[in-house]
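Quick look at model_36.csv (CSV, C-alpha atoms):
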```
chain,number,residue,atom,x,y,z
F,1,MET,CA,9.4,23.1,6.9
F,2,ASP,CA,5.9,22.3,8.0
F,3,ILE,CA,4.7,18.8,7.3
F,4,GLN,CA,1.5,19.3,5.3
F,5,VAL,CA,1.3,16.2,3.0
F,6,GLY,CA,1.2,12.6,3.9
F,7,ILE,CA,2.7,10.2,1.4
F,8,ILE,CA,1.5,6.6,1.7
F,9,MET,CA,2.5,3.6,-0.2
F,10,GLY,CA,1.6,0.0,0.1
F,11,SER,CA,5.1,-1.4,-0.1
F,12,LYS,CA,8.7,-0.2,0.6
F,13,SER,CA,9.6,-0.9,-3.0
F,14,ASP,CA,7.1,1.8,-4.1
F,15,TRP,CA,9.5,4.5,-2.6
F,16,THR,CA,11.5,4.3,-5.9
F,17,ILE,CA,8.6,6.2,-7.6
F,18,MET,CA,6.9,7.9,-4.6
F,19,SER,CA,10.2,9.6,-3.5
F,20,ASN,CA,9.5,11.9,-6.5
F,21,VAL,CA,6.5,13.3,-4.6
F,22,SER,CA,8.6,14.2,-1.6
F,23,LYS,CA,11.5,15.6,-3.7
F,24,THR,CA,9.0,17.8,-5.7
F,25,LEU,CA,7.2,19.0,-2.6
F,26,GLU,CA,10.6,20.1,-1.1
F,27,LYS,CA,11.0,22.5,-4.1
F,28,PHE,CA,7.9,24.3,-2.9
F,29,GLY,CA,9.0,24.3,0.7
F,30,ILE,CA,6.4,21.7,1.6
F,31,GLY,CA,7.2,19.0,4.1
F,32,SER,CA,5.9,15.5,4.0
F,33,GLU,CA,5.8,12.4,6.1
F,34,ASN,CA,6.3,9.1,4.3
F,35,ARG,CA,4.6,5.9,5.4
F,36,VAL,CA,4.4,2.3,4.2
F,37,ILE,CA,0.8,1.1,5.0
F,38,SER,CA,-0.8,-1.6,3.0
F,39,ALA,CA,-4.6,-1.3,2.6
F,40,HIS,CA,-4.7,-5.1,2.5
F,41,ARG,CA,-2.1,-6.2,5.1
F,42,ALA,CA,-2.6,-3.4,7.6
F,43,PRO,CA,-6.1,-2.0,7.2
F,44,HIS,CA,-6.5,-0.9,10.8
F,45,LEU,CA,-3.2,1.0,10.7
F,46,LEU,CA,-4.3,2.7,7.5
F,47,THR,CA,-7.7,3.7,9.1
F,48,GLU,CA,-5.9,5.1,12.2
F,49,TYR,CA,-3.4,7.1,10.0
F,50,CYS,CA,-6.1,8.6,7.8
F,51,GLU,CA,-8.5,9.4,10.6
F,52,SER,CA,-5.8,11.2,12.6
F,53,ALA,CA,-4.2,13.0,9.6
F,54,ARG,CA,-6.0,16.3,9.9
F,55,ASP,CA,-5.4,16.5,13.6
F,56,ARG,CA,-1.7,16.0,13.0
F,57,GLY,CA,-1.6,19.0,10.6
F,58,LEU,CA,-1.8,17.2,7.3
F,59,LYS,CA,-3.8,18.9,4.5
F,60,VAL,CA,-3.4,16.5,1.5
F,61,LEU,CA,-2.7,12.8,1.2
F,62,VAL,CA,-0.8,11.3,-1.8
F,63,CYS,CA,-1.2,7.5,-2.1
F,64,GLY,CA,0.8,5.3,-4.5
F,65,ALA,CA,-0.5,1.9,-5.2
F,66,GLY,CA,-0.2,-0.9,-7.8
F,67,LEU,CA,-2.0,-4.0,-8.7
F,68,ALA,CA,-5.5,-3.8,-7.0
F,69,ALA,CA,-4.6,-0.3,-5.9
F,70,ALA,CA,-7.1,-0.1,-3.1
F,71,LEU,CA,-4.9,2.2,-1.0
F,72,PRO,CA,-6.1,5.6,-2.3
F,73,GLY,CA,-9.7,4.6,-2.2
F,74,VAL,CA,-9.5,3.2,1.3
F,75,ALA,CA,-7.7,6.4,2.5
F,76,ALA,CA,-10.4,8.6,0.9
F,77,ALA,CA,-13.0,6.6,2.7
F,78,HIS,CA,-11.4,7.4,6.0
F,79,THR,CA,-10.7,11.2,5.7
F,80,SER,CA,-12.3,14.3,4.1
F,81,LEU,CA,-8.8,15.6,3.2
F,82,PRO,CA,-8.0,15.6,-0.5
F,83,VAL,CA,-6.5,12.3,-1.6
F,84,LEU,CA,-4.4,12.0,-4.7
F,85,GLY,CA,-3.7,8.6,-6.2
F,86,VAL,CA,-0.6,7.6,-8.1
F,87,PRO,CA,-1.0,4.4,-10.0
F,88,LEU,CA,2.2,2.3,-9.9
F,89,ASP,CA,3.4,-0.3,-12.4
F,90,ALA,CA,3.6,-3.4,-10.1
F,91,GLY,CA,2.3,-6.1,-12.4
F,92,GLY,CA,2.0,-7.3,-15.9
F,93,PHE,CA,-0.3,-4.6,-17.1
F,94,GLY,CA,2.0,-1.6,-17.1
F,95,GLY,CA,0.1,0.1,-14.3
F,96,MET,CA,-3.2,0.2,-16.2
F,97,ASP,CA,-4.7,-2.2,-13.6
F,98,ALA,CA,-3.8,0.3,-10.9
F,99,LEU,CA,-5.0,3.3,-13.0
F,100,MET,CA,-8.4,1.7,-13.6
F,101,ALA,CA,-8.8,0.7,-9.9
F,102,ILE,CA,-8.0,4.2,-8.7
F,103,VAL,CA,-9.9,6.2,-11.2
F,104,GLN,CA,-13.1,4.1,-10.8
F,105,MET,CA,-14.1,5.3,-7.3
F,106,PRO,CA,-17.8,5.3,-6.4
F,107,PRO,CA,-19.6,8.7,-6.1
F,108,GLY,CA,-19.0,10.3,-2.7
F,109,VAL,CA,-15.4,8.9,-2.3
F,110,PRO,CA,-13.3,10.9,-4.7
F,111,VAL,CA,-9.6,10.3,-5.4
F,112,GLY,CA,-7.8,12.7,-7.7
F,113,THR,CA,-6.1,10.2,-10.1
F,114,LEU,CA,-2.7,11.0,-11.7
F,115,ALA,CA,-0.7,9.4,-14.4
F,116,VAL,CA,1.1,6.0,-13.9
F,117,GLY,CA,4.6,6.1,-12.3
F,118,LYS,CA,7.1,8.9,-12.0
F,119,PRO,CA,5.1,11.5,-14.1
F,120,GLY,CA,2.1,10.9,-11.9
F,121,ALA,CA,4.2,11.2,-8.7
F,122,ILE,CA,5.6,14.5,-9.8
F,123,ASN,CA,2.3,15.9,-10.9
F,124,ALA,CA,0.7,14.7,-7.6
F,125,ALA,CA,3.2,16.9,-5.7
F,126,ILE,CA,2.4,19.9,-8.0
F,127,LEU,CA,-1.3,19.3,-7.6
F,128,ALA,CA,-0.9,19.1,-3.8
F,129,ALA,CA,1.1,22.4,-3.9
F,130,SER,CA,-1.8,23.9,-6.0
F,131,ILE,CA,-4.3,22.8,-3.3
F,132,LEU,CA,-2.1,24.2,-0.5
F,133,ALA,CA,-1.5,27.4,-2.4
F,134,VAL,CA,-5.1,28.4,-2.1
F,135,SER,CA,-4.5,29.3,1.6
F,136,ASP,CA,-0.7,29.5,1.8
F,137,GLU,CA,1.0,32.5,0.4
F,138,LYS,CA,4.5,31.0,0.5
F,139,VAL,CA,3.5,28.0,-1.4
F,140,ARG,CA,1.6,30.1,-3.9
F,141,ALA,CA,4.7,32.2,-4.5
F,142,ALA,CA,6.8,29.1,-4.9
F,143,LEU,CA,4.3,27.6,-7.3
F,144,ASP,CA,4.1,30.8,-9.4
F,145,ASN,CA,7.9,30.9,-9.5
F,146,PHE,CA,8.0,27.2,-10.6
F,147,ARG,CA,5.5,27.9,-13.4
F,148,ALA,CA,7.3,31.0,-14.6
F,149,GLN,CA,10.7,29.1,-14.7
F,150,GLN,CA,9.0,26.3,-16.6
F,151,THR,CA,7.7,28.7,-19.2
F,152,GLN,CA,11.0,30.5,-19.5
F,153,ALA,CA,12.8,27.2,-20.1
F,154,ILE,CA,10.6,26.7,-23.1
F,155,LYS,CA,11.2,30.2,-24.4
F,156,ASP,CA,14.9,29.7,-24.0
F,157,THR,CA,15.0,26.5,-26.0
F,158,PRO,CA,16.3,27.1,-29.5
F,159,PRO,CA,14.3,25.8,-32.4
F,160,PRO,CA,15.7,22.5,-33.9
F,161,ASP,CA,17.0,24.2,-37.0
F,162,GLN,CA,19.2,26.6,-34.9
F,163,GLU,CA,21.0,24.0,-32.8
```
Go ahead and express the file in the form of structure tokens.
Amino acid sequence: MDIQVGIIMGSKSDWTIMSNVSKTLEKFGIGSENRVISAHRAPHLLTEYCESARDRGLKVLVCGAGLAAALPGVAAAHTSLPVLGVPLDAGGFGGMDALMAIVQMPPGVPVGTLAVGKPGAINAAILAASILAVSDEKVRAALDNFRAQQTQAIKDTPPPDQE
């Protein structure tokens, strides 16, 4: 499985949520590399990682961050690869602090911002697959199959009055 997506989180504890990105990518046959790199505690390491990402074959970065949530924005400042941000609930605001920090990027440094927590992590993986599917036929077929199965599952669900 080719490693095409870099998953970055600011703390090892973020893996509880961010592992959902990796698990979902695997369903599409997409490999990922997973790193803990804090934008605040290891800024030089984050810069090196992001600046070398394309040369190492990565095509999309998915960053999970809570609290000040600088990680996705700093990553986007150091690469022209698509960066997807997953806000994490790490404080007393239910992840809204992280959501606001990630979504409010200045013009010219875009971060595709997803929902807070596990739903955002899963959707980040699906969005990464959609980005890769533009130029990867295998990923496109896997994504089309996923969407068809999702639709079929809804069709197969009996109405509440028939259960």
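Distance annotation: of F:Ala76, F:Ile154, F:Leu132, F:Ala69, the residue with the minimal separation from Leu99 of chain F is F:Ala69; atom set is all atoms listed in the file.
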Leaving out Leu67 of chain F and any residue of its chain fewer than 4 positions from it, which residues lie within 8 Å of it when counting only C-alpha atoms, given as a PDB file with C-alpha atoms, keeping the file's coordinate frame?
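Output below, filename selection-v7.pdb:
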```pdb
ATOM      1  CA  LEU F  88       2.200   2.300  -9.900  1.00  0.00           C
ATOM      2  CA  ASP F  89       3.400  -0.300 -12.400  1.00  0.00           C
ATOM      3  CA  ALA F  90       3.600  -3.400 -10.100  1.00  0.00           C
ATOM      4  CA  GLY F  91       2.300  -6.100 -12.400  1.00  0.00           C
ATOM      5  CA  GLY F  95       0.100   0.100 -14.300  1.00  0.00           C
ATOM      6  CA  ASP F  97      -4.700  -2.200 -13.600  1.00  0.00           C
ATOM      7  CA  ALA F  98      -3.800   0.300 -10.900  1.00  0.00           C
TER       8      ALA F  98
END
```
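The residue that comes closest to Ala39 of chain F, out of F:Gly92, F:Pro160, F:Gly10, F:Gly117 and on the basis of all atoms listed in the file, is F:Gly10.
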Distance in Å - atom CA of Pro87 of chain F versus atom CA of Val116 of chain F: 4.7 Å
Option closest in space to Leu143 of chain F, from F:Lys27, F:Lys12, F:Arg56, F:Arg41 [counting all atoms listed in the file]: F:Lys27
Contact residues around Val83 of chain F with all atoms listed in the file at 6 Å, ignoring same-chain residues under 2 positions, as a PyMOL selection string: chain F and resi 61-62+76+111
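Comparing the minimum interatomic distances between Ile30 of chain F and each of F:Ala68, F:Ser135, F:Ala128, F:Pro158, counting only C-alpha atoms, we find that F:Ala128 sits nearest.
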Sel. within 9 Å of pt (-9.0, -0.6, -3.9), counting all atoms listed in the file, output as JSON, numbers by chain: {"F": [39, 40, 65, 68, 69, 70, 71, 72, 73, 74, 98, 101, 102, 105]}
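For the set F:Ala75, F:Ile131, F:Ala124, F:Val139, the residue with the smallest atom-to-atom gap to Glu48 of chain F is F:Ala75, counting only C-alpha atoms.
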Exercise: Tyr49 of chain F partners within 12 Å, all atoms listed in the file, chain neighbours under 3 positions left out, as a PyMOL selection string: chain F and resi 6-8+33-39+42-46+52-56+58+61+74-76+78-79
One-decimal distance in Å that lies between atom CA of Cys63 of chain F and atom CA of Gly94 of chain F: 17.8 Å
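A straight line drawn from atom CA of Thr157 of chain F to atom CA of Ala129 of chain F is 26.4 Å long.
The smallest atom-to-atom distance between Met9 of chain F and any of F:Gly31, F:Ala142, F:Leu84, F:Leu25, using all atoms listed in the file, is found for F:Leu84.
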Could segment 2-13 of chain F be completed with all heavy atoms and returned as a tab-separated table (two decimals), keeping the file's coordinate frame?
```tsv
chain	number	residue	atom	x	y	z
F	2	ASP	N	7.05	22.96	7.42
F	2	ASP	CA	5.90	22.30	8.00
F	2	ASP	C	5.49	21.09	7.19
F	2	ASP	O	5.50	21.09	5.96
F	2	ASP	CB	4.66	23.30	7.90
F	2	ASP	CG	4.74	24.40	8.93
F	2	ASP	OD1	5.51	24.27	9.89
F	2	ASP	OD2	4.02	25.40	8.76
F	3	ILE	N	5.15	20.03	7.90
F	3	ILE	CA	4.70	18.80	7.30
F	3	ILE	C	3.20	18.96	6.99
F	3	ILE	O	2.40	19.03	7.92
F	3	ILE	CB	4.99	17.58	8.13
F	3	ILE	CG1	6.51	17.41	8.27
F	3	ILE	CG2	4.35	16.33	7.55
F	3	ILE	CD1	6.94	16.31	9.20
F	4	GLN	N	2.86	19.05	5.70
F	4	GLN	CA	1.50	19.30	5.30
F	4	GLN	C	0.91	18.15	4.45
F	4	GLN	O	-0.30	18.09	4.22
F	4	GLN	CB	1.34	20.59	4.54
F	4	GLN	CG	1.77	21.81	5.34
F	4	GLN	CD	1.58	23.08	4.55
F	4	GLN	OE1	0.44	23.49	4.33
F	4	GLN	NE2	2.66	23.68	4.10
F	5	VAL	N	1.78	17.28	3.94
F	5	VAL	CA	1.30	16.20	3.00
F	5	VAL	C	1.78	14.87	3.56
F	5	VAL	O	2.94	14.70	3.95
F	5	VAL	CB	1.94	16.44	1.60
F	5	VAL	CG1	1.55	15.30	0.67
F	5	VAL	CG2	1.49	17.78	1.03
F	6	GLY	N	0.85	13.95	3.57
F	6	GLY	CA	1.20	12.60	3.90
F	6	GLY	C	1.33	11.77	2.65
F	6	GLY	O	0.46	11.80	1.78
F	7	ILE	N	2.45	11.09	2.52
F	7	ILE	CA	2.70	10.20	1.40
F	7	ILE	C	2.61	8.78	1.88
F	7	ILE	O	3.35	8.39	2.78
F	7	ILE	CB	4.09	10.48	0.76
F	7	ILE	CG1	4.20	11.94	0.30
F	7	ILE	CG2	4.36	9.52	-0.39
F	7	ILE	CD1	5.61	12.34	-0.12
F	8	ILE	N	1.70	8.02	1.30
F	8	ILE	CA	1.50	6.60	1.70
F	8	ILE	C	1.70	5.73	0.55
F	8	ILE	O	1.24	6.02	-0.56
F	8	ILE	CB	0.04	6.43	2.26
F	8	ILE	CG1	-0.38	7.52	3.23
F	8	ILE	CG2	-0.08	5.06	2.91
F	8	ILE	CD1	-1.86	7.50	3.56
F	9	MET	N	2.38	4.63	0.80
F	9	MET	CA	2.50	3.60	-0.20
F	9	MET	C	2.32	2.25	0.39
F	9	MET	O	2.48	2.07	1.59
F	9	MET	CB	3.92	3.71	-0.88
F	9	MET	CG	5.09	3.51	0.06
F	9	MET	SD	6.51	4.56	-0.28
F	9	MET	CE	6.07	6.03	0.66
F	10	GLY	N	1.95	1.31	-0.44
F	10	GLY	CA	1.60	0.00	0.10
F	10	GLY	C	2.80	-0.91	0.34
F	10	GLY	O	2.69	-1.89	1.06
F	11	SER	N	3.95	-0.56	-0.22
F	11	SER	CA	5.10	-1.40	-0.10
F	11	SER	C	6.38	-0.52	-0.11
F	11	SER	O	6.40	0.53	-0.76
F	11	SER	CB	5.19	-2.39	-1.25
F	11	SER	OG	6.41	-3.08	-1.28
F	12	LYS	N	7.42	-0.95	0.59
F	12	LYS	CA	8.70	-0.20	0.60
F	12	LYS	C	9.25	-0.02	-0.79
F	12	LYS	O	9.85	1.02	-1.10
F	12	LYS	CB	9.68	-0.90	1.53
F	12	LYS	CG	10.95	-0.14	1.76
F	12	LYS	CD	11.86	-0.87	2.74
F	12	LYS	CE	13.15	-0.08	2.95
F	12	LYS	NZ	14.05	-0.77	3.87
F	13	SER	N	9.04	-1.00	-1.66
F	13	SER	CA	9.60	-0.90	-3.00
F	13	SER	C	8.91	0.24	-3.82
F	13	SER	O	9.48	0.71	-4.81
F	13	SER	CB	9.37	-2.23	-3.76
F	13	SER	OG	8.00	-2.53	-3.89
```
